[in-house]
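S.K.: Sharing run_0.cif, mmCIF, C-alpha atoms:
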```cif
data_data
loop_
_atom_site.label_atom_id
_atom_site.label_comp_id
_atom_site.auth_asym_id
_atom_site.auth_seq_id
_atom_site.Cartn_x
_atom_site.Cartn_y
_atom_site.Cartn_z
CA MET R 295 7.25 19.68 -6.18
CA ARG R 296 8.67 17.94 -3.15
CA ASP R 297 12.36 18.23 -2.35
CA HIS R 298 14.72 15.37 -2.96
CA VAL R 299 14.88 13.64 0.41
CA MET R 300 17.29 10.84 -0.38
CA VAL R 301 18.36 8.41 -3.06
CA ILE R 302 16.59 5.06 -2.99
CA ASP R 303 19.23 2.43 -3.64
CA ARG R 304 18.86 -1.24 -4.54
CA THR R 305 19.73 -2.41 -1.01
CA MET R 306 16.46 -0.93 0.28
CA LEU R 307 14.22 -2.52 -2.35
CA VAL R 308 11.98 -5.40 -1.34
CA LYS R 309 12.23 -8.79 -3.06
CA TRP R 310 9.31 -10.39 -4.89
CA HIS R 311 8.35 -12.85 -2.15
CA ILE R 312 7.85 -10.02 0.36
CA ARG R 313 5.73 -8.12 -2.17
CA LEU R 314 3.67 -11.28 -2.69
CA LEU R 315 3.24 -11.68 1.07
CA ASN R 316 2.06 -8.05 1.28
CA LEU R 317 -0.58 -8.81 -1.36
CA VAL R 318 -1.76 -12.01 0.35
CA ILE R 319 -2.07 -10.27 3.73
CA ASP R 320 -3.94 -7.32 2.23
CA ILE R 321 -6.36 -9.61 0.40
CA ALA R 322 -6.91 -11.43 3.71
CA VAL R 323 -7.71 -8.08 5.38
CA VAL R 324 -10.32 -7.32 2.72
CA PHE R 325 -11.71 -10.86 3.09
CA ILE R 326 -12.02 -10.35 6.86
CA PHE R 327 -13.82 -7.05 6.20
CA PHE R 328 -16.44 -8.90 4.16
CA ILE R 329 -16.81 -11.60 6.82
CA LEU R 330 -17.43 -8.86 9.39
CA LEU R 331 -19.89 -7.18 7.03
CA GLY R 332 -21.78 -10.47 6.69
CA LEU R 333 -21.85 -10.93 10.48
CA PHE R 334 -23.06 -7.36 10.93
CA ALA R 335 -25.78 -7.87 8.31
CA THR R 336 -26.85 -11.05 10.10
CA LEU R 337 -26.95 -9.29 13.48
CA LEU R 338 -29.13 -6.57 11.98
CA THR R 339 -31.71 -9.21 11.02
CA TYR R 340 -32.18 -9.94 14.74
CA ALA R 341 -33.17 -6.28 15.13
CA GLY R 342 -35.68 -6.66 12.29
CA TYR R 343 -33.58 -4.99 9.55
CA TYR R 344 -33.09 -7.22 6.51
CA GLY R 345 -31.95 -4.65 3.92
CA LEU R 346 -28.18 -5.13 4.23
CA TYR R 347 -28.51 -8.91 4.61
CA ASP R 348 -30.69 -9.14 1.50
CA TRP R 349 -28.29 -6.94 -0.48
CA VAL R 350 -25.23 -8.96 0.55
CA THR R 351 -26.79 -12.40 0.02
CA ASN R 352 -28.49 -11.55 -3.28
CA MET R 353 -25.56 -9.75 -4.91
CA ASN R 354 -24.89 -10.82 -8.51
CA GLY R 355 -21.38 -11.62 -9.78
CA LEU R 356 -20.75 -8.23 -11.39
CA THR R 357 -21.89 -6.28 -8.34
CA ASP R 358 -19.78 -8.53 -6.12
CA ARG R 359 -16.68 -7.84 -8.23
CA LEU R 360 -17.34 -4.09 -8.32
CA VAL R 361 -17.91 -3.83 -4.57
CA THR R 362 -14.86 -5.99 -3.81
CA THR R 363 -12.69 -3.91 -6.14
CA PHE R 364 -13.97 -0.67 -4.63
CA VAL R 365 -13.27 -1.89 -1.08
CA LEU R 366 -9.75 -3.08 -2.01
CA VAL R 367 -8.90 0.19 -3.77
CA ALA R 368 -10.36 2.29 -0.92
CA TYR R 369 -8.53 0.23 1.72
CA LEU R 370 -5.16 0.47 -0.04
CA PHE R 371 -5.56 4.18 -0.83
CA LEU R 372 -6.61 5.16 2.69
CA MET R 373 -4.04 3.01 4.51
CA GLU R 374 -1.11 3.99 2.31
CA ASN R 375 -2.08 7.66 2.09
CA PHE R 376 -2.21 8.09 5.86
CA THR R 377 0.54 5.69 6.95
CA GLN R 378 2.58 4.92 3.79
CA ARG R 379 1.79 1.29 4.60
CA SER R 380 -0.98 -1.27 4.36
CA VAL R 381 -1.53 -3.97 6.99
CA GLY R 382 0.64 -6.28 4.87
CA LYS R 383 3.42 -3.69 4.80
CA PHE R 384 3.19 -3.17 8.58
CA ILE R 385 3.60 -6.92 9.13
CA THR R 386 6.51 -7.30 6.67
CA GLY R 387 8.30 -4.11 7.73
CA THR R 388 8.01 -2.34 4.38
CA ILE R 389 6.96 1.17 3.40
CA VAL R 390 6.00 3.13 0.28
CA VAL R 391 8.27 6.05 -0.63
CA SER R 392 8.47 8.37 -3.60
CA GLU R 393 11.28 8.16 -6.16
CA ARG R 394 12.71 11.23 -4.41
CA GLY R 395 12.85 9.32 -1.13
CA GLY R 396 10.04 11.06 0.77
CA LYS R 397 6.35 10.57 1.33
CA PRO R 398 4.48 10.24 -1.96
CA SER R 399 1.69 12.66 -2.85
CA VAL R 400 -2.02 11.91 -2.47
CA LYS R 401 -2.17 11.63 -6.27
CA ALA R 402 0.60 9.00 -6.20
CA PHE R 403 -1.26 6.93 -3.61
CA LEU R 404 -4.49 7.20 -5.61
CA THR R 405 -2.64 6.14 -8.77
CA ARG R 406 -1.13 3.14 -6.93
CA ALA R 407 -4.55 2.06 -5.69
CA LEU R 408 -6.32 2.49 -9.04
CA CYS R 409 -3.63 0.63 -10.99
CA ARG R 410 -4.40 -2.46 -8.94
CA ILE R 411 -7.72 -2.73 -10.78
CA ILE R 412 -5.80 -3.98 -13.84
CA TRP R 413 -6.09 -7.74 -13.42
CA PHE R 414 -2.81 -8.59 -15.20
CA GLU R 415 -0.86 -5.96 -13.24
CA THR R 416 0.54 -8.76 -11.09
CA LEU R 417 2.60 -9.91 -14.11
CA SER R 418 4.73 -6.78 -13.68
CA PHE R 419 6.25 -8.36 -10.55
CA ILE R 420 8.24 -11.04 -12.33
CA ALA R 421 11.72 -9.94 -11.20
CA ASP R 422 14.05 -10.34 -8.21
CA PHE R 423 13.41 -6.74 -7.14
CA PRO R 424 9.98 -6.15 -8.64
CA ARG R 425 8.57 -2.75 -9.42
CA GLY R 426 4.96 -3.19 -10.37
CA TRP R 427 3.05 -0.99 -12.75
CA HIS R 428 1.38 0.64 -9.77
CA ASP R 429 4.88 1.59 -8.59
CA THR R 430 6.14 2.98 -11.90
CA ALA R 431 2.87 4.79 -12.71
CA SER R 432 2.96 6.52 -9.32
CA ASP R 433 6.74 7.10 -9.18
CA THR R 434 7.03 5.10 -5.96
CA TYR R 435 9.04 2.26 -4.46
CA VAL R 436 8.29 -0.27 -1.74
CA VAL R 437 11.35 -0.48 0.48
CA ASP R 438 12.49 -2.17 3.67
CA ARG R 439 11.45 0.33 6.35
CA LYS R 440 14.38 -0.42 8.69
CA LYS R 441 16.99 0.07 5.95
CA TYR R 442 15.21 3.20 4.73
CA MET R 443 15.06 4.74 8.22
CA GLU R 444 18.74 3.93 8.84
CA ALA R 445 19.74 5.57 5.54
CA LEU R 446 17.52 8.58 6.27
CA GLN R 447 19.03 8.98 9.75
CA LEU R 448 22.54 8.77 8.32
CA LYS R 449 21.71 11.36 5.65
CA ASN R 450 20.19 13.68 8.26
CA SER R 451 23.32 13.29 10.42
CA PHE R 452 25.52 14.37 7.52
CA ASP R 453 23.17 17.27 6.76
CA GLU R 454 23.42 18.43 10.39
CA ILE R 455 27.23 18.24 10.30
CA GLY R 456 27.25 20.33 7.13
CA ALA R 457 24.83 22.84 8.63
CA GLU R 458 26.98 23.23 11.77
CA GLN R 459 30.06 23.97 9.66
CA HIS R 460 28.29 26.75 7.77
CA ASN R 461 27.33 28.63 10.95
CA TYR R 462 30.84 29.99 11.65
#
```
Hey, can you dump this file as structure tokens for me?
M.R.:
Amino acid sequence: MRDHVMVIDRTMLVKWHIRLLNLVIDIAVVFIFFILLGLFATLLTYAGYYGLYDWVTNMNGLTDRLVTTFVLVAYLFLMENFTQRSVGKFITGTIVVSERGGKPSVKAFLTRALCRIIWFETLSFIADFPRGWHDTASDTYVVDRKKYMEALQLKNSFDEIGAEQHNY
């Protein structure tokens, strides 16, 4: 069990339009990945390899949805697990933190990513300060990184003052 790092207060939480922007940017990143995959498959045909090109161009609807879902889940899990942020969160200055205020566990990041498979999960964001099902299921919050870092620095300053007083 991770220690309680700090209390996440309402002033750090991100409003719905920023969360929506994160989603749009992250979908664009996945879209760009598939464009690059298509270009790569096309380039391989010039070298005489048609396997990837044939697979990509002849994919049925179900396979397309499964591959797209897998890529989105893998992208979000890997990015957030290693950086606590996706490309969308880097651009909007937001970060994923645990309910205890620290870095979430690998299990929490995996839960967040897998919950996004639920197509109606986006309905859980209808609020001024939304907390989606992938947030509640993983015990995480998406917060403004600048406000979070300022609060963390302030907390650490108070902790250092308290530690200095106990050394007498």
S.K.: Which of these residues is nearest to R:Asp320, using all atoms listed in the file: R:Val381, R:Val436, R:Leu404, R:Leu356?
M.R.: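 Selected residue with least distance to R:Asp320: R:Val381.
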S.K.: Let me know the centre plus edge lengths, in Å and rounded to one decimal, of a box with edges along x, y and z that contains all listed atoms of stretch 311-323 of chain R and is padded by 5 Å on every side, as AutoDock Vina command-line options.
M.R.:
```
--center_x 0.3 --center_y -10.1 --center_z 1.3 --size_x 26.1 --size_y 15.5 --size_z 18.1
```
S.K.: If you take only C-alpha atoms and a cut-off of 10 Å, which residues of stretch 403-440 of chain R touch stretch 384-399 of chain R, and what are their nearest atom pairs and distances in Å to one decimal, in chain and number order, as CSV?
M.R.:
```
residue,atom,partner,partner_atom,distance
R:Phe403,CA,R:Ser399,CA,6.5
R:Leu404,CA,R:Ser399,CA,8.7
R:Thr405,CA,R:Ser399,CA,9.8
R:Asp429,CA,R:Val390,CA,9.1
R:Thr430,CA,R:Glu393,CA,9.3
R:Ser432,CA,R:Ser392,CA,8.2
R:Asp433,CA,R:Glu393,CA,5.6
R:Thr434,CA,R:Ser392,CA,4.3
R:Tyr435,CA,R:Val391,CA,5.4
R:Val436,CA,R:Val390,CA,4.6
R:Val437,CA,R:Thr388,CA,5.5
R:Asp438,CA,R:Thr388,CA,4.5
R:Arg439,CA,R:Thr388,CA,4.8
R:Lys440,CA,R:Gly387,CA,7.2
```
S.K.: Could you state the separation of atom CA of R:Val299 and atom CA of R:Phe376 in Å, given to one decimal place?
M.R.: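 Atom CA of R:Phe376 lies at a distance of 18.8 Å from atom CA of R:Val299.
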S.K.: List the residues matched by the PyMOL selection byres ((chain R and resi 362-375) around 8) in the displayed structure as number ranges by chain, ordered by chain and then by residue number.
M.R.: R: 321, 324, 358-361, 376-381, 390, 399-400, 403-404, 406-408, 410-411
S.K.: Please report the interatomic distance between atom CA of R:Ala335 and atom CA of R:Tyr347 in Å with one decimal.
M.R.: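 Separation between atom CA of R:Ala335 and atom CA of R:Tyr347: 4.7 Å.
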S.K.: Can you measure atom CA of R:Gly332 to atom CA of R:Cys409 for me? One decimal in Å is fine.
M.R.: 27.7 Å
S.K.: Starting from the shown file, work through the PyMOL selection byres ((chain R and resi 416) around 12) and note down what comes out as a list in words.
M.R.: Trp310, Arg313, Leu314, Leu317, Cys409, Arg410, Ile411, Ile412, Trp413, Phe414, Glu415, Leu417, Ser418, Phe419, Ile420, Ala421, Pro424, Arg425, Gly426, Trp427, His428 and Asp429 of chain R
S.K.: Check which residues satisfy the PyMOL selection byres ((chain R and resi 303) around 10) in the file shown, then give them as a tab-separated table (two decimals) with C-alpha atoms, in the coordinates of the input.
M.R.:
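What follows is the written file part01.tsv:
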```tsv
chain	number	residue	atom	x	y	z
R	300	MET	CA	17.29	10.84	-0.38
R	301	VAL	CA	18.36	8.41	-3.06
R	302	ILE	CA	16.59	5.06	-2.99
R	304	ARG	CA	18.86	-1.24	-4.54
R	305	THR	CA	19.73	-2.41	-1.01
R	306	MET	CA	16.46	-0.93	0.28
R	307	LEU	CA	14.22	-2.52	-2.35
R	395	GLY	CA	12.85	9.32	-1.13
R	437	VAL	CA	11.35	-0.48	0.48
R	442	TYR	CA	15.21	3.20	4.73
R	445	ALA	CA	19.74	5.57	5.54
```
S.K.: Excluding R:Val350 and its own-chain neighbours fewer than 4 positions away, which residues fall within 12 Å of it when counting all atoms listed in the file? Please give them as a PyMOL selection string.
M.R.: chain R and resi 328-336+344-346+354-355+357-358+361-362
S.K.: Return stretch 306-332 of chain R, completed with N, CA, C and O atoms, as a PDB file, in the coordinates of the input.
M.R.:
```pdb
ATOM      1  N   MET R 306      17.705  -1.181  -0.452  1.00  0.00           N
ATOM      2  CA  MET R 306      16.460  -0.930   0.280  1.00  0.00           C
ATOM      3  C   MET R 306      15.266  -1.617  -0.346  1.00  0.00           C
ATOM      4  O   MET R 306      14.243  -1.805   0.325  1.00  0.00           O
ATOM      5  N   LEU R 307      15.362  -1.958  -1.626  1.00  0.00           N
ATOM      6  CA  LEU R 307      14.220  -2.520  -2.350  1.00  0.00           C
ATOM      7  C   LEU R 307      13.816  -3.879  -1.784  1.00  0.00           C
ATOM      8  O   LEU R 307      14.648  -4.631  -1.290  1.00  0.00           O
ATOM      9  N   VAL R 308      12.548  -4.182  -1.895  1.00  0.00           N
ATOM     10  CA  VAL R 308      11.980  -5.400  -1.340  1.00  0.00           C
ATOM     11  C   VAL R 308      11.883  -6.467  -2.425  1.00  0.00           C
ATOM     12  O   VAL R 308      11.446  -6.184  -3.541  1.00  0.00           O
ATOM     13  N   LYS R 309      12.275  -7.681  -2.097  1.00  0.00           N
ATOM     14  CA  LYS R 309      12.230  -8.790  -3.060  1.00  0.00           C
ATOM     15  C   LYS R 309      10.796  -9.230  -3.327  1.00  0.00           C
ATOM     16  O   LYS R 309       9.879  -8.933  -2.575  1.00  0.00           O
ATOM     17  N   TRP R 310      10.630 -10.000  -4.405  1.00  0.00           N
ATOM     18  CA  TRP R 310       9.310 -10.390  -4.890  1.00  0.00           C
ATOM     19  C   TRP R 310       8.488 -11.158  -3.876  1.00  0.00           C
ATOM     20  O   TRP R 310       7.285 -10.971  -3.780  1.00  0.00           O
ATOM     21  N   HIS R 311       9.129 -12.038  -3.085  1.00  0.00           N
ATOM     22  CA  HIS R 311       8.350 -12.850  -2.150  1.00  0.00           C
ATOM     23  C   HIS R 311       7.752 -12.015  -1.019  1.00  0.00           C
ATOM     24  O   HIS R 311       6.675 -12.327  -0.518  1.00  0.00           O
ATOM     25  N   ILE R 312       8.403 -10.931  -0.650  1.00  0.00           N
ATOM     26  CA  ILE R 312       7.850 -10.020   0.360  1.00  0.00           C
ATOM     27  C   ILE R 312       6.680  -9.244  -0.240  1.00  0.00           C
ATOM     28  O   ILE R 312       5.649  -9.055   0.411  1.00  0.00           O
ATOM     29  N   ARG R 313       6.838  -8.815  -1.500  1.00  0.00           N
ATOM     30  CA  ARG R 313       5.730  -8.120  -2.170  1.00  0.00           C
ATOM     31  C   ARG R 313       4.525  -9.037  -2.303  1.00  0.00           C
ATOM     32  O   ARG R 313       3.380  -8.607  -2.103  1.00  0.00           O
ATOM     33  N   LEU R 314       4.756 -10.317  -2.600  1.00  0.00           N
ATOM     34  CA  LEU R 314       3.670 -11.280  -2.690  1.00  0.00           C
ATOM     35  C   LEU R 314       2.992 -11.465  -1.330  1.00  0.00           C
ATOM     36  O   LEU R 314       1.764 -11.506  -1.234  1.00  0.00           O
ATOM     37  N   LEU R 315       3.789 -11.545  -0.281  1.00  0.00           N
ATOM     38  CA  LEU R 315       3.240 -11.680   1.070  1.00  0.00           C
ATOM     39  C   LEU R 315       2.397 -10.461   1.430  1.00  0.00           C
ATOM     40  O   LEU R 315       1.316 -10.598   2.028  1.00  0.00           O
ATOM     41  N   ASN R 316       2.859  -9.262   1.065  1.00  0.00           N
ATOM     42  CA  ASN R 316       2.060  -8.050   1.280  1.00  0.00           C
ATOM     43  C   ASN R 316       0.682  -8.191   0.628  1.00  0.00           C
ATOM     44  O   ASN R 316      -0.338  -7.881   1.242  1.00  0.00           O
ATOM     45  N   LEU R 317       0.672  -8.648  -0.615  1.00  0.00           N
ATOM     46  CA  LEU R 317      -0.580  -8.810  -1.360  1.00  0.00           C
ATOM     47  C   LEU R 317      -1.504  -9.824  -0.678  1.00  0.00           C
ATOM     48  O   LEU R 317      -2.698  -9.565  -0.493  1.00  0.00           O
ATOM     49  N   VAL R 318      -0.952 -10.965  -0.293  1.00  0.00           N
ATOM     50  CA  VAL R 318      -1.760 -12.010   0.350  1.00  0.00           C
ATOM     51  C   VAL R 318      -2.365 -11.493   1.655  1.00  0.00           C
ATOM     52  O   VAL R 318      -3.557 -11.694   1.926  1.00  0.00           O
ATOM     53  N   ILE R 319      -1.569 -10.815   2.456  1.00  0.00           N
ATOM     54  CA  ILE R 319      -2.070 -10.270   3.730  1.00  0.00           C
ATOM     55  C   ILE R 319      -3.155  -9.235   3.472  1.00  0.00           C
ATOM     56  O   ILE R 319      -4.201  -9.241   4.142  1.00  0.00           O
ATOM     57  N   ASP R 320      -2.942  -8.359   2.508  1.00  0.00           N
ATOM     58  CA  ASP R 320      -3.940  -7.320   2.230  1.00  0.00           C
ATOM     59  C   ASP R 320      -5.236  -7.900   1.681  1.00  0.00           C
ATOM     60  O   ASP R 320      -6.328  -7.418   2.008  1.00  0.00           O
ATOM     61  N   ILE R 321      -5.149  -8.940   0.878  1.00  0.00           N
ATOM     62  CA  ILE R 321      -6.360  -9.610   0.400  1.00  0.00           C
ATOM     63  C   ILE R 321      -7.080 -10.267   1.585  1.00  0.00           C
ATOM     64  O   ILE R 321      -8.314 -10.226   1.675  1.00  0.00           O
ATOM     65  N   ALA R 322      -6.315 -10.830   2.514  1.00  0.00           N
ATOM     66  CA  ALA R 322      -6.910 -11.430   3.710  1.00  0.00           C
ATOM     67  C   ALA R 322      -7.637 -10.365   4.542  1.00  0.00           C
ATOM     68  O   ALA R 322      -8.722 -10.629   5.081  1.00  0.00           O
ATOM     69  N   VAL R 323      -7.065  -9.174   4.641  1.00  0.00           N
ATOM     70  CA  VAL R 323      -7.710  -8.080   5.380  1.00  0.00           C
ATOM     71  C   VAL R 323      -9.046  -7.730   4.743  1.00  0.00           C
ATOM     72  O   VAL R 323     -10.055  -7.561   5.440  1.00  0.00           O
ATOM     73  N   VAL R 324      -9.073  -7.634   3.429  1.00  0.00           N
ATOM     74  CA  VAL R 324     -10.320  -7.320   2.720  1.00  0.00           C
ATOM     75  C   VAL R 324     -11.323  -8.467   2.911  1.00  0.00           C
ATOM     76  O   VAL R 324     -12.516  -8.229   3.137  1.00  0.00           O
ATOM     77  N   PHE R 325     -10.855  -9.698   2.861  1.00  0.00           N
ATOM     78  CA  PHE R 325     -11.710 -10.860   3.090  1.00  0.00           C
ATOM     79  C   PHE R 325     -12.332 -10.801   4.487  1.00  0.00           C
ATOM     80  O   PHE R 325     -13.533 -11.033   4.658  1.00  0.00           O
ATOM     81  N   ILE R 326     -11.524 -10.480   5.484  1.00  0.00           N
ATOM     82  CA  ILE R 326     -12.020 -10.350   6.860  1.00  0.00           C
ATOM     83  C   ILE R 326     -13.054  -9.229   6.955  1.00  0.00           C
ATOM     84  O   ILE R 326     -14.061  -9.368   7.650  1.00  0.00           O
ATOM     85  N   PHE R 327     -12.832  -8.134   6.233  1.00  0.00           N
ATOM     86  CA  PHE R 327     -13.820  -7.050   6.200  1.00  0.00           C
ATOM     87  C   PHE R 327     -15.178  -7.574   5.740  1.00  0.00           C
ATOM     88  O   PHE R 327     -16.215  -7.266   6.337  1.00  0.00           O
ATOM     89  N   PHE R 328     -15.176  -8.376   4.680  1.00  0.00           N
ATOM     90  CA  PHE R 328     -16.440  -8.900   4.160  1.00  0.00           C
ATOM     91  C   PHE R 328     -17.070  -9.922   5.104  1.00  0.00           C
ATOM     92  O   PHE R 328     -18.296 -10.004   5.199  1.00  0.00           O
ATOM     93  N   ILE R 329     -16.266 -10.690   5.806  1.00  0.00           N
ATOM     94  CA  ILE R 329     -16.810 -11.600   6.820  1.00  0.00           C
ATOM     95  C   ILE R 329     -17.500 -10.789   7.911  1.00  0.00           C
ATOM     96  O   ILE R 329     -18.622 -11.106   8.331  1.00  0.00           O
ATOM     97  N   LEU R 330     -16.838  -9.720   8.366  1.00  0.00           N
ATOM     98  CA  LEU R 330     -17.430  -8.860   9.390  1.00  0.00           C
ATOM     99  C   LEU R 330     -18.699  -8.170   8.882  1.00  0.00           C
ATOM    100  O   LEU R 330     -19.669  -8.018   9.637  1.00  0.00           O
ATOM    101  N   LEU R 331     -18.694  -7.775   7.618  1.00  0.00           N
ATOM    102  CA  LEU R 331     -19.890  -7.180   7.030  1.00  0.00           C
ATOM    103  C   LEU R 331     -21.047  -8.180   7.028  1.00  0.00           C
ATOM    104  O   LEU R 331     -22.184  -7.831   7.371  1.00  0.00           O
ATOM    105  N   GLY R 332     -20.762  -9.421   6.675  1.00  0.00           N
ATOM    106  CA  GLY R 332     -21.780 -10.470   6.690  1.00  0.00           C
ATOM    107  C   GLY R 332     -22.315 -10.715   8.100  1.00  0.00           C
ATOM    108  O   GLY R 332     -23.524 -10.866   8.299  1.00  0.00           O
TER     109      GLY R 332
END
```
